[in-house]
>>> print(open('structure35.csv').read())   # CSV, C-alpha atoms and all ligand atoms
chain,number,residue,atom,x,y,z
A,1349,MET,CA,151.7,83.3,68.9
A,1350,ASP,CA,149.4,83.0,71.9
A,1351,ILE,CA,149.3,86.1,74.0
A,1352,PRO,CA,147.3,85.9,77.2
A,1353,HIS,CA,144.1,87.9,76.6
A,1354,SER,CA,144.5,89.9,79.8
A,1355,ASN,CA,147.8,91.3,78.4
A,1356,HIS,CA,147.6,95.0,77.5
A,1357,TYR,CA,150.3,96.9,75.7
A,1358,LEU,CA,150.9,100.7,75.2
A,1359,ALA,CA,152.4,101.6,71.8
A,1360,LEU,CA,153.9,105.0,71.6
A,1361,SER,CA,153.9,106.3,68.0
A,1362,GLY,CA,155.0,109.3,66.0
A,1363,GLY,CA,155.7,109.6,62.3
A,1364,VAL,CA,155.7,107.0,59.6
A,1365,GLY,CA,157.9,104.4,61.2
A,1366,GLY,CA,155.8,104.3,64.4
A,1367,ALA,CA,152.6,103.8,62.4
A,1368,LYS,CA,154.1,100.9,60.5
A,1369,LEU,CA,154.8,99.0,63.7
A,1370,VAL,CA,151.4,99.9,65.1
A,1371,LEU,CA,149.9,98.3,62.0
A,1372,GLY,CA,151.9,95.2,62.6
A,1373,LEU,CA,150.9,95.1,66.3
A,1374,SER,CA,147.2,95.6,65.3
A,1375,GLY,CA,147.5,92.4,63.3
A,1376,VAL,CA,148.7,90.4,66.3
A,1377,LEU,CA,146.9,92.1,69.3
A,1378,ALA,CA,143.1,92.2,69.8
A,1379,PRO,CA,141.6,95.7,70.1
A,1380,ASP,CA,141.4,95.4,73.9
A,1381,GLN,CA,145.0,94.4,74.1
A,1382,MET,CA,146.6,97.6,72.9
A,1383,THR,CA,146.3,101.4,73.4
A,1384,VAL,CA,148.1,103.5,70.8
A,1385,VAL,CA,149.4,106.8,72.1
A,1386,ALA,CA,150.0,109.3,69.3
A,1387,ASN,CA,152.4,112.3,69.5
A,1388,THR,CA,150.7,115.6,69.2
A,1389,GLY,CA,153.8,117.8,69.4
A,1390,ASP,CA,153.8,118.1,65.6
A,1391,ASP,CA,150.3,119.6,65.6
A,1392,PHE,CA,149.7,123.1,64.4
A,1393,GLU,CA,147.0,125.6,63.4
A,1394,HIS,CA,147.3,126.3,59.6
A,1395,LEU,CA,144.8,128.2,57.4
A,1396,GLY,CA,142.5,128.2,60.4
A,1397,LEU,CA,142.6,124.4,60.6
A,1398,ASN,CA,143.7,122.1,63.4
A,1399,ILE,CA,146.3,119.8,61.8
A,1400,CYS,CA,147.4,116.7,63.7
A,1401,PRO,CA,149.9,114.8,61.5
A,1402,ASP,CA,151.0,112.0,63.8
A,1403,ILE,CA,147.4,111.2,64.8
A,1404,ASP,CA,146.4,111.2,61.1
A,1405,THR,CA,149.3,109.0,60.1
A,1406,VAL,CA,148.2,106.3,62.6
A,1407,LEU,CA,144.5,106.7,61.7
A,1408,TYR,CA,145.1,106.4,58.0
A,1409,THR,CA,147.6,103.6,58.4
A,1410,LEU,CA,145.2,101.5,60.5
A,1411,ALA,CA,142.3,102.3,58.1
A,1412,ASP,CA,144.5,101.4,55.1
A,1413,TRP,CA,143.7,104.8,53.7
A,1414,ASN,CA,147.4,106.0,53.9
A,1415,ASN,CA,149.4,107.3,51.0
A,1416,LYS,CA,152.1,104.7,50.8
A,1417,GLU,CA,154.3,106.9,48.5
A,1418,LEU,CA,154.3,110.0,50.6
A,1419,GLY,CA,154.0,108.3,54.1
A,1420,TRP,CA,151.5,111.0,55.2
A,1421,GLY,CA,148.0,112.0,53.9
A,1422,GLN,CA,145.6,109.8,52.1
A,1423,ALA,CA,146.0,107.4,49.1
A,1424,GLU,CA,144.3,108.3,45.7
A,1425,GLU,CA,144.7,111.9,46.7
A,1426,SER,CA,144.0,114.9,44.4
A,1427,TRP,CA,145.4,118.4,45.0
A,1428,ASN,CA,142.7,120.7,43.5
A,1429,PHE,CA,142.2,122.7,46.7
A,1430,LEU,CA,145.9,123.3,47.1
A,1431,ALA,CA,146.2,124.5,43.4
A,1432,ALA,CA,143.2,126.8,43.9
A,1433,LEU,CA,144.7,128.1,47.2
A,1434,LYS,CA,148.0,128.8,45.4
A,1435,ARG,CA,146.2,130.6,42.6
A,1436,LEU,CA,144.8,133.0,45.2
A,1437,GLY,CA,148.1,133.5,46.8
A,1438,GLY,CA,147.4,131.4,49.9
A,1439,GLU,CA,150.1,129.5,51.8
A,1440,ASP,CA,150.8,126.3,49.9
A,1441,TRP,CA,154.1,125.2,51.5
A,1442,PHE,CA,152.2,122.6,53.5
A,1443,SER,CA,150.5,120.2,51.0
A,1444,LEU,CA,146.9,119.5,52.0
A,1445,GLY,CA,145.2,117.0,49.7
A,1446,ASP,CA,141.5,117.2,48.9
A,1447,ARG,CA,140.6,114.0,50.8
A,1448,ASP,CA,142.9,115.0,53.7
A,1449,MET,CA,141.2,118.3,53.9
A,1450,ALA,CA,137.9,116.6,55.0
A,1451,THR,CA,139.8,115.3,58.1
A,1452,HIS,CA,141.1,118.7,59.0
A,1453,ILE,CA,137.9,120.6,58.4
A,1454,LEU,CA,135.8,118.1,60.4
A,1455,ARG,CA,138.3,118.0,63.2
A,1456,THR,CA,138.4,121.8,63.4
A,1457,GLN,CA,134.6,121.9,63.4
A,1458,LEU,CA,134.3,119.3,66.2
A,1459,LEU,CA,137.1,121.0,68.3
A,1460,GLY,CA,135.4,124.3,67.8
A,1461,ALA,CA,132.2,122.9,69.1
A,1462,GLY,CA,133.9,121.8,72.3
A,1463,ALA,CA,134.9,118.2,71.6
A,1464,SER,CA,138.3,117.1,73.0
A,1465,LEU,CA,141.0,115.7,70.6
A,1466,SER,CA,140.3,112.3,72.2
A,1467,GLU,CA,136.7,112.5,71.3
A,1468,VAL,CA,137.5,113.7,67.7
A,1469,ILE,CA,139.8,110.6,67.3
A,1470,GLU,CA,137.1,108.3,68.6
A,1471,GLN,CA,134.7,109.7,66.0
A,1472,LEU,CA,137.1,109.5,63.2
A,1473,SER,CA,138.2,106.0,64.2
A,1474,GLU,CA,134.6,104.8,64.2
A,1475,LYS,CA,133.9,106.2,60.7
A,1476,MET,CA,137.2,104.6,59.5
A,1477,ASN,CA,136.3,101.2,61.0
A,1478,ILE,CA,139.4,101.2,63.2
A,1479,ALA,CA,138.9,98.7,66.1
A,1480,HIS,CA,142.1,99.4,68.0
A,1481,ARG,CA,142.2,102.3,70.4
A,1482,ILE,CA,144.2,105.4,69.4
A,1483,VAL,CA,144.5,108.2,71.9
A,1484,PRO,CA,146.4,111.5,71.8
A,1485,MET,CA,149.2,111.8,74.3
A,1486,THR,CA,147.3,114.7,75.8
A,1487,ASP,CA,144.1,116.7,75.1
A,1488,GLU,CA,146.0,119.9,76.0
A,1489,ARG,CA,148.0,122.0,73.6
A,1490,VAL,CA,151.6,120.9,73.4
A,1491,ARG,CA,153.8,122.2,70.5
A,1492,THR,CA,157.3,121.1,69.6
A,1493,GLN,CA,159.6,124.1,69.1
A,1494,VAL,CA,163.0,123.6,67.4
A,1495,HIS,CA,165.9,125.6,68.6
A,1496,CYS,CA,168.4,126.3,65.8
A,1497,ARG,CA,172.0,127.2,65.6
A,1498,ASP,CA,171.1,130.5,63.9
A,1499,GLN,CA,169.3,131.5,67.1
A,1500,ARG,CA,165.8,131.0,65.5
A,1501,THR,CA,163.1,129.0,67.3
A,1502,LEU,CA,160.9,127.3,64.7
A,1503,SER,CA,157.6,125.5,65.1
A,1504,PHE,CA,157.9,121.9,64.1
A,1505,GLN,CA,156.2,122.1,60.8
A,1506,HIS,CA,158.1,125.2,59.8
A,1507,TYR,CA,161.3,123.3,60.5
A,1508,PHE,CA,160.2,120.0,59.0
A,1509,VAL,CA,158.2,121.0,55.9
A,1510,ARG,CA,158.7,124.7,55.2
A,1511,ASP,CA,162.4,124.7,55.8
A,1512,ARG,CA,162.9,121.0,54.8
A,1513,CYS,CA,164.8,120.1,58.0
A,1514,GLN,CA,167.7,122.3,56.7
A,1515,PRO,CA,168.4,124.4,59.9
A,1516,GLU,CA,171.0,123.0,62.3
A,1517,VAL,CA,169.3,122.1,65.5
A,1518,THR,CA,170.6,122.8,69.0
A,1519,GLY,CA,167.7,121.5,71.0
A,1520,PHE,CA,163.9,121.1,71.4
A,1521,GLU,CA,161.2,122.5,73.6
A,1522,PHE,CA,157.7,121.3,74.1
A,1523,SER,CA,155.7,124.4,74.8
A,1524,GLY,CA,152.7,123.8,77.1
A,1525,ILE,CA,154.0,120.4,78.3
A,1526,ASP,CA,154.4,121.3,82.0
A,1527,LYS,CA,150.7,122.0,82.2
A,1528,ALA,CA,149.7,119.0,80.1
A,1529,LEU,CA,148.0,115.9,81.5
A,1530,PRO,CA,148.0,112.5,79.8
A,1531,SER,CA,144.8,112.1,77.8
A,1532,ALA,CA,142.0,110.0,79.6
A,1533,GLY,CA,142.8,107.0,77.4
A,1534,PHE,CA,146.6,107.3,78.1
A,1535,SER,CA,146.0,107.8,81.9
A,1536,ALA,CA,143.6,104.8,81.9
A,1537,ALA,CA,146.3,102.6,80.3
A,1538,LEU,CA,149.0,103.9,82.7
A,1539,ALA,CA,146.7,103.0,85.6
A,1540,SER,CA,145.9,99.5,84.3
A,1541,PRO,CA,148.2,96.5,84.6
A,1542,LEU,CA,150.4,96.9,81.5
A,1543,SER,CA,152.4,94.0,80.0
A,1544,ALA,CA,154.8,96.4,78.3
A,1545,VAL,CA,155.3,99.8,76.7
A,1546,ILE,CA,156.5,99.5,73.1
A,1547,ILE,CA,158.3,102.7,71.9
A,1548,CYS,CA,157.8,102.3,68.1
A,1549,PRO,CA,160.6,103.2,65.7
A,1550,SER,CA,160.0,107.0,65.8
A,1551,ASN,CA,162.3,110.0,66.1
A,1552,PRO,CA,163.4,110.0,69.8
A,1553,PHE,CA,163.6,113.8,70.0
A,1554,VAL,CA,160.4,115.0,68.4
A,1555,SER,CA,158.1,112.0,68.3
A,1556,VAL,CA,158.8,110.1,71.5
A,1557,ALA,CA,160.1,112.7,73.9
A,1558,PRO,CA,156.9,114.8,73.8
A,1559,ILE,CA,155.0,111.7,75.0
A,1560,LEU,CA,157.4,110.6,77.7
A,1561,GLU,CA,158.0,114.1,79.0
A,1562,ILE,CA,154.3,114.7,79.9
A,1563,PRO,CA,154.6,115.2,83.7
A,1564,GLY,CA,154.3,112.0,85.6
A,1565,VAL,CA,154.4,109.5,82.7
A,1566,VAL,CA,158.0,108.2,83.2
A,1567,ALA,CA,157.5,108.1,87.0
A,1568,GLN,CA,154.2,106.2,86.6
A,1569,LEU,CA,155.8,103.7,84.3
A,1570,GLN,CA,158.8,103.2,86.7
A,1571,ALA,CA,156.5,102.9,89.7
A,1572,ALA,CA,154.4,100.3,87.9
A,1573,ARG,CA,157.6,98.5,86.9
A,1574,VAL,CA,156.4,98.1,83.4
A,1575,PRO,CA,158.9,96.7,80.9
A,1576,VAL,CA,159.7,99.3,78.2
A,1577,VAL,CA,161.2,98.4,74.9
A,1578,VAL,CA,162.6,100.6,72.1
A,1579,ILE,CA,162.8,99.6,68.5
A,1580,SER,CA,165.7,101.5,67.1
A,1581,ASN,CA,164.7,104.1,64.5
A,1582,ILE,CA,168.3,104.2,63.3
A,1583,VAL,CA,169.4,101.3,61.1
A,1584,GLY,CA,172.9,101.1,59.7
A,1585,GLY,CA,173.6,104.7,60.7
A,1586,GLU,CA,170.6,106.0,58.9
A,1587,ALA,CA,167.1,107.0,59.8
A,1588,ILE,CA,164.7,105.0,57.7
A,1589,LYS,CA,162.8,108.3,57.1
A,1590,GLY,CA,163.1,111.8,58.5
A,1591,PRO,CA,165.8,113.9,60.1
A,1592,ALA,CA,166.7,111.9,63.2
A,1593,ALA,CA,170.3,111.0,62.0
A,1594,LYS,CA,170.9,114.6,61.0
A,1595,MET,CA,169.6,115.9,64.4
A,1596,MET,CA,171.9,113.4,66.2
A,1597,SER,CA,174.9,114.7,64.3
A,1598,GLU,CA,174.0,118.3,65.1
A,1599,LEU,CA,173.5,117.4,68.7
A,1600,GLY,CA,176.9,115.8,68.8
A,1601,MET,CA,175.7,112.2,69.1
A,1602,PRO,CA,176.8,109.2,67.1
A,1603,GLN,CA,174.3,108.6,64.4
A,1604,THR,CA,174.0,104.9,65.3
A,1605,ALA,CA,171.6,102.6,66.9
A,1606,LEU,CA,174.0,102.6,69.9
A,1607,GLY,CA,173.7,106.4,70.0
A,1608,VAL,CA,169.9,106.0,70.2
A,1609,ALA,CA,170.3,103.5,73.1
A,1610,GLN,CA,172.7,105.8,74.9
A,1611,HIS,CA,170.2,108.7,74.5
A,1612,TYR,CA,167.3,106.7,76.1
A,1613,VAL,CA,169.5,105.5,78.9
A,1614,GLU,CA,170.9,109.0,79.6
A,1615,GLN,CA,167.5,110.7,79.2
A,1616,TYR,CA,165.2,108.3,81.0
A,1617,GLY,CA,167.4,106.5,83.4
A,1618,GLY,CA,166.5,102.9,83.9
A,1619,LEU,CA,163.0,103.2,82.2
A,1620,VAL,CA,164.0,101.3,79.0
A,1621,LYS,CA,164.8,97.6,79.6
A,1622,GLY,CA,165.0,96.3,76.0
A,1623,PHE,CA,166.3,97.5,72.7
A,1624,VAL,CA,165.6,96.0,69.3
A,1625,LEU,CA,168.5,96.2,66.8
A,1626,ASP,CA,168.3,95.6,63.1
A,1627,THR,CA,170.4,92.8,61.7
A,1628,ALA,CA,172.5,95.5,60.0
A,1629,ASP,CA,173.6,96.6,63.5
A,1630,SER,CA,174.3,93.2,65.1
A,1631,ALA,CA,177.9,94.3,65.7
A,1632,LEU,CA,176.6,96.9,68.2
A,1633,GLU,CA,174.7,94.4,70.4
A,1634,LYS,CA,177.4,93.9,73.0
A,1635,GLU,CA,177.8,97.7,73.5
A,1636,VAL,CA,174.1,98.1,73.9
A,1637,ASN,CA,174.0,95.3,76.4
A,1638,ALA,CA,176.8,97.1,78.3
A,1639,LEU,CA,174.4,100.0,78.8
A,1640,GLY,CA,172.2,97.6,80.8
A,1641,LEU,CA,169.8,96.9,78.0
A,1642,ALA,CA,168.6,93.5,76.9
A,1643,THR,CA,168.6,93.2,73.1
A,1644,ILE,CA,167.3,91.2,70.2
A,1645,VAL,CA,168.7,91.5,66.7
A,1646,THR,CA,166.1,91.1,64.0
A,1647,LYS,CA,164.8,92.4,60.7
A,1648,SER,CA,163.4,95.8,61.7
A,1649,VAL,CA,163.0,97.5,58.3
A,1650,MET,CA,159.3,97.2,57.5
A,1651,LEU,CA,158.5,97.2,53.8
A,1652,THR,CA,155.6,94.7,53.6
A,1653,LEU,CA,152.7,94.0,55.9
A,1654,HIS,CA,154.4,90.7,56.7
A,1655,ASP,CA,157.5,92.6,57.8
A,1656,LYS,CA,155.3,94.7,60.1
A,1657,THR,CA,153.6,91.7,61.8
A,1658,GLU,CA,156.8,89.8,62.1
A,1659,LEU,CA,158.5,92.7,63.9
A,1660,ALA,CA,155.5,93.0,66.1
A,1661,LYS,CA,155.6,89.3,67.0
A,1662,GLN,CA,159.4,89.5,67.6
A,1663,THR,CA,158.9,92.5,69.8
A,1664,LEU,CA,156.0,91.0,71.8
A,1665,ALA,CA,158.0,87.8,72.4
A,1666,PHE,CA,161.0,89.9,73.4
A,1667,VAL,CA,159.1,92.0,76.0
A,1668,SER,CA,157.7,88.9,77.6
A,1669,THR,CA,161.3,88.0,78.6
A,1670,LEU,CA,162.0,91.4,80.1
A,1671,GLU,CA,162.1,91.9,83.8
A,1672,ALA,CA,160.8,95.4,84.7
A,1701,LIG,N1,155.3,116.4,55.2
A,1701,LIG,C1,156.1,117.0,54.2
A,1701,LIG,O1,157.3,116.7,54.2
A,1701,LIG,N2,155.5,117.9,53.3
A,1701,LIG,C2,154.2,118.2,53.4
A,1701,LIG,O2,153.7,119.0,52.6
A,1701,LIG,C3,153.4,117.6,54.4
A,1701,LIG,C4,152.0,117.8,54.4
A,1701,LIG,C5,151.2,117.1,55.4
A,1701,LIG,C6,149.9,117.2,55.5
A,1701,LIG,C7,149.1,116.5,56.4
A,1701,LIG,C8,149.8,115.7,57.3
A,1701,LIG,O3,149.0,115.0,58.2
A,1701,LIG,C9,151.2,115.5,57.3
A,1701,LIG,C10,151.9,116.2,56.3
A,1701,LIG,N3,153.3,116.0,56.3
A,1701,LIG,C11,154.0,116.7,55.3
A,1701,LIG,C12,154.0,115.2,57.3
A,1701,LIG,C13,154.1,116.0,58.5
A,1701,LIG,O4,155.0,117.1,58.4
A,1701,LIG,C14,154.5,115.2,59.8
A,1701,LIG,O5,154.7,116.0,60.9
A,1701,LIG,C15,155.7,114.3,59.5
A,1701,LIG,O6,155.2,113.1,59.0
A,1701,LIG,C16,156.5,114.0,60.8
A,1701,LIG,O7,155.7,113.4,61.7
>>> encode(input="structure35.csv", output="structure tokens", more="lines below")
Ligand code: FO1
Amino acid sequence: MDIPHSNHYLALSGGVGGAKLVLGLSGVLAPDQMTVVANTGDDFEHLGLNICPDIDTVLYTLADWNNKELGWGQAEESWNFLAALKRLGGEDWFSLGDRDMATHILRTQLLGAGASLSEVIEQLSEKMNIAHRIVPMTDERVRTQVHCRDQRTLSFQHYFVRDRCQPEVTGFEFSGIDKALPSAGFSAALASPLSAVIICPSNPFVSVAPILEIPGVVAQLQAARVPVVVISNIVGGEAIKGPAAKMMSELGMPQTALGVAQHYVEQYGGLVKGFVLDTADSALEKEVNALGLATIVTKSVMLTLHDKTELAKQTLAFVSTLEA
């Protein structure tokens, strides 16, 4: 697949599914052809540490350090710290592995010394021999809050890990987002000629929305007439991983790839031009087209590295046909 060297792509990523496609794209695009923008709405302060799950999932995945069983944290992990913390009565609901702890401690130390999150990621990427550019959506503090039917508002990790996604959701809020600016790397990519924005198969509500809803981002993409494509995170009525389908049901939306397409059209107007459906959802293609979206139908469930690079190639070929 020959991609003009001057092409540059923005990949928006959150969670495990996003990182998988980012890995596929990194196998097809040269480092200077892609900027990966990671969601930071999942971030939180825990045990005095700055934890950045979606950044770490992308870092570990591109470094091939990731724990393939869990989807998060590091491979070959041990849990001695966590067991010792539990023995002393510390909070052990959020599992921090011994190797993973090094990332959190170093990041907390660097941030405490005045480094930006972008600078921390650059330093970690360099140590992990990651050539492709990963930037946070913002260097400011943005935190996803989950509004629940029982009137509680939960921080994301309390909802997702401590309460195991059990509470019924009624909506989301991204505290701090109205004052947040795109990170320098994100801004630079938005200001440069972009071939496309690839919204990786992540949860639209809590992984993609925080990135797109940073003030000015959607407007800048629309003004620059950049083709934007979404790879559906719902396949055959299910989320590959995580609570997206459950959230859709609780929000009164159809838990289908069509429901995802409708959400993007309703939420972001004409921003999204293309939608990638899995072969399991080929019957929905005409209805997605009726929303004004171009489509391809392909294998989008990524189990092997080959699956990831194939989906990356299909997506890149697809976006080259899209008119912004
Ligand atoms: N997810 C869990 O379901 N349980 C955990 O104990 C857990 C620990 C954890 C530690 C570090 C890290 O980077 C991620 C971790 N995650 C855990 C995943 C995390 O909740 C992410 O926010 C999700 O991957 C969704 O993006």
>>> residues_around(input="structure35.csv", residues="Ala1587 in chain A", least_positions_apart="6", cutoff="12 Å", atoms="all atoms listed in the file", output="PDB file with C-alpha atoms, in the frame of the given file")
ATOM      1  CA  GLY A1363     155.700 109.600  62.300  1.00  0.00           C
ATOM      2  CA  VAL A1364     155.700 107.000  59.600  1.00  0.00           C
ATOM      3  CA  GLY A1365     157.900 104.400  61.200  1.00  0.00           C
ATOM      4  CA  PRO A1549     160.600 103.200  65.700  1.00  0.00           C
ATOM      5  CA  SER A1550     160.000 107.000  65.800  1.00  0.00           C
ATOM      6  CA  ASN A1551     162.300 110.000  66.100  1.00  0.00           C
ATOM      7  CA  PRO A1552     163.400 110.000  69.800  1.00  0.00           C
ATOM      8  CA  SER A1580     165.700 101.500  67.100  1.00  0.00           C
ATOM      9  CA  ASN A1581     164.700 104.100  64.500  1.00  0.00           C
ATOM     10  CA  ALA A1593     170.300 111.000  62.000  1.00  0.00           C
ATOM     11  CA  LYS A1594     170.900 114.600  61.000  1.00  0.00           C
ATOM     12  CA  MET A1595     169.600 115.900  64.400  1.00  0.00           C
ATOM     13  CA  MET A1596     171.900 113.400  66.200  1.00  0.00           C
ATOM     14  CA  SER A1597     174.900 114.700  64.300  1.00  0.00           C
ATOM     15  CA  GLN A1603     174.300 108.600  64.400  1.00  0.00           C
ATOM     16  CA  THR A1604     174.000 104.900  65.300  1.00  0.00           C
ATOM     17  CA  ALA A1605     171.600 102.600  66.900  1.00  0.00           C
ATOM     18  CA  VAL A1608     169.900 106.000  70.200  1.00  0.00           C
ATOM     19  CA  ASP A1626     168.300  95.600  63.100  1.00  0.00           C
ATOM     20  CA  SER A1648     163.400  95.800  61.700  1.00  0.00           C
ATOM     21  CA  VAL A1649     163.000  97.500  58.300  1.00  0.00           C
TER      22      VAL A1649
END
>>> residues_near_ligand(input="structure35.csv", ligand="ligand LIG 1701 (chain A)", cutoff="8 Å", atoms="all atoms listed in the file", output="PDB file with C-alpha atoms, in the coordinates of the input")
ATOM      1  CA  GLY A1362     155.000 109.300  66.000  1.00  0.00           C
ATOM      2  CA  GLY A1363     155.700 109.600  62.300  1.00  0.00           C
ATOM      3  CA  VAL A1364     155.700 107.000  59.600  1.00  0.00           C
ATOM      4  CA  ASP A1390     153.800 118.100  65.600  1.00  0.00           C
ATOM      5  CA  ASP A1391     150.300 119.600  65.600  1.00  0.00           C
ATOM      6  CA  ILE A1399     146.300 119.800  61.800  1.00  0.00           C
ATOM      7  CA  CYS A1400     147.400 116.700  63.700  1.00  0.00           C
ATOM      8  CA  PRO A1401     149.900 114.800  61.500  1.00  0.00           C
ATOM      9  CA  ASP A1402     151.000 112.000  63.800  1.00  0.00           C
ATOM     10  CA  ILE A1403     147.400 111.200  64.800  1.00  0.00           C
ATOM     11  CA  ASP A1404     146.400 111.200  61.100  1.00  0.00           C
ATOM     12  CA  THR A1405     149.300 109.000  60.100  1.00  0.00           C
ATOM     13  CA  LEU A1418     154.300 110.000  50.600  1.00  0.00           C
ATOM     14  CA  GLY A1419     154.000 108.300  54.100  1.00  0.00           C
ATOM     15  CA  TRP A1420     151.500 111.000  55.200  1.00  0.00           C
ATOM     16  CA  GLY A1421     148.000 112.000  53.900  1.00  0.00           C
ATOM     17  CA  TRP A1441     154.100 125.200  51.500  1.00  0.00           C
ATOM     18  CA  PHE A1442     152.200 122.600  53.500  1.00  0.00           C
ATOM     19  CA  SER A1443     150.500 120.200  51.000  1.00  0.00           C
ATOM     20  CA  LEU A1444     146.900 119.500  52.000  1.00  0.00           C
ATOM     21  CA  GLY A1445     145.200 117.000  49.700  1.00  0.00           C
ATOM     22  CA  ASP A1448     142.900 115.000  53.700  1.00  0.00           C
ATOM     23  CA  PHE A1504     157.900 121.900  64.100  1.00  0.00           C
ATOM     24  CA  GLN A1505     156.200 122.100  60.800  1.00  0.00           C
ATOM     25  CA  PHE A1508     160.200 120.000  59.000  1.00  0.00           C
ATOM     26  CA  VAL A1509     158.200 121.000  55.900  1.00  0.00           C
ATOM     27  CA  ARG A1510     158.700 124.700  55.200  1.00  0.00           C
ATOM     28  CA  ARG A1512     162.900 121.000  54.800  1.00  0.00           C
ATOM     29  CA  SER A1555     158.100 112.000  68.300  1.00  0.00           C
ATOM     30  CA  GLY A1590     163.100 111.800  58.500  1.00  0.00           C
TER      31      GLY A1590
END
>>> residues_near_point(input="structure35.csv", point="(151.7, 94.2, 63.8)", cutoff="7 Å", atoms="all atoms listed in the file", output="PDB file with C-alpha atoms, in the coordinates of the input")
ATOM      1  CA  LEU A1369     154.800  99.000  63.700  1.00  0.00           C
ATOM      2  CA  VAL A1370     151.400  99.900  65.100  1.00  0.00           C
ATOM      3  CA  LEU A1371     149.900  98.300  62.000  1.00  0.00           C
ATOM      4  CA  GLY A1372     151.900  95.200  62.600  1.00  0.00           C
ATOM      5  CA  LEU A1373     150.900  95.100  66.300  1.00  0.00           C
ATOM      6  CA  SER A1374     147.200  95.600  65.300  1.00  0.00           C
ATOM      7  CA  GLY A1375     147.500  92.400  63.300  1.00  0.00           C
ATOM      8  CA  VAL A1376     148.700  90.400  66.300  1.00  0.00           C
ATOM      9  CA  LYS A1656     155.300  94.700  60.100  1.00  0.00           C
ATOM     10  CA  THR A1657     153.600  91.700  61.800  1.00  0.00           C
ATOM     11  CA  GLU A1658     156.800  89.800  62.100  1.00  0.00           C
ATOM     12  CA  LEU A1659     158.500  92.700  63.900  1.00  0.00           C
ATOM     13  CA  ALA A1660     155.500  93.000  66.100  1.00  0.00           C
TER      14      ALA A1660
END
>>> residues_around(input="structure35.csv", residues="Glu1635 in chain A", least_positions_apart="6", cutoff="10 Å", atoms="all atoms listed in the file", output="MDAnalysis selection string")
chainID A and resid 1606 1609:1610 1641
>>> closest_residue(input="structure35.csv", among="A:Leu1358, A:Val1494, A:Leu1632, A:Ala1557", to="Pro1541 in chain A", atoms="only C-alpha atoms")
A:Leu1358
>>> atom_distance(input="structure35.csv", atom1="CA of Ala1461 in chain A", atom2="CA of Gly1396 in chain A")
14.5 Å
>>> closest_residue(input="structure35.csv", among="A:Gly1366, A:Pro1591, A:Gly1460, A:Gly1564", to="Ile1579 in chain A", atoms="only C-alpha atoms")
A:Gly1366
>>> atom_distance(input="structure35.csv", atom1="CA of Ala1567 in chain A", atom2="CA of Lys1621 in chain A")
14.8 Å
>>> residues_around(input="structure35.csv", residues="Val1574 in chain A", least_positions_apart="3", cutoff="12 Å", atoms="only C-alpha atoms", output="number ranges by chain")
A: 1356-1358, 1537-1546, 1565-1571, 1577, 1618-1622, 1667-1668, 1670-1672
>>> atom_distance(input="structure35.csv", atom1="CA of Pro1575 in chain A", atom2="CA of Thr1652 in chain A")
27.6 Å
>>> closest_residue(input="structure35.csv", among="A:Ile1478, A:Val1517, A:Leu1436, A:Val1583", to="Arg1497 in chain A", atoms="all atoms listed in the file")
A:Val1517
>>> residues_around(input="structure35.csv", residues="Asp1440 in chain A", least_positions_apart="2", cutoff="10 Å", atoms="only C-alpha atoms", output="list in words")
Leu1395, Phe1429, Leu1430, Ala1431, Ala1432, Leu1433, Lys1434, Arg1435, Gly1437, Gly1438, Phe1442, Ser1443, Leu1444 and Arg1510 of chain A
>>> closest_residue(input="structure35.csv", among="A:Val1556, A:Ala1528, A:Val1468, A:Leu1639", to="Val1613 in chain A", atoms="all atoms listed in the file")
A:Leu1639
>>> residues_around(input="structure35.csv", residues="Ser1503 in chain A", least_positions_apart="3", cutoff="8 Å", atoms="only C-alpha atoms", output="MDAnalysis selection string")
chainID A and resid 1491:1494 1506:1507
>>> closest_residue(input="structure35.csv", among="A:Ser1535, A:Gln1457, A:Gly1617, A:Lys1368", to="His1654 in chain A", atoms="all atoms listed in the file")
A:Lys1368
>>> closest_residue(input="structure35.csv", among="A:Ile1582, A:Arg1447, A:Glu1393, A:Val1576", to="Leu1360 in chain A", atoms="only C-alpha atoms")
A:Val1576
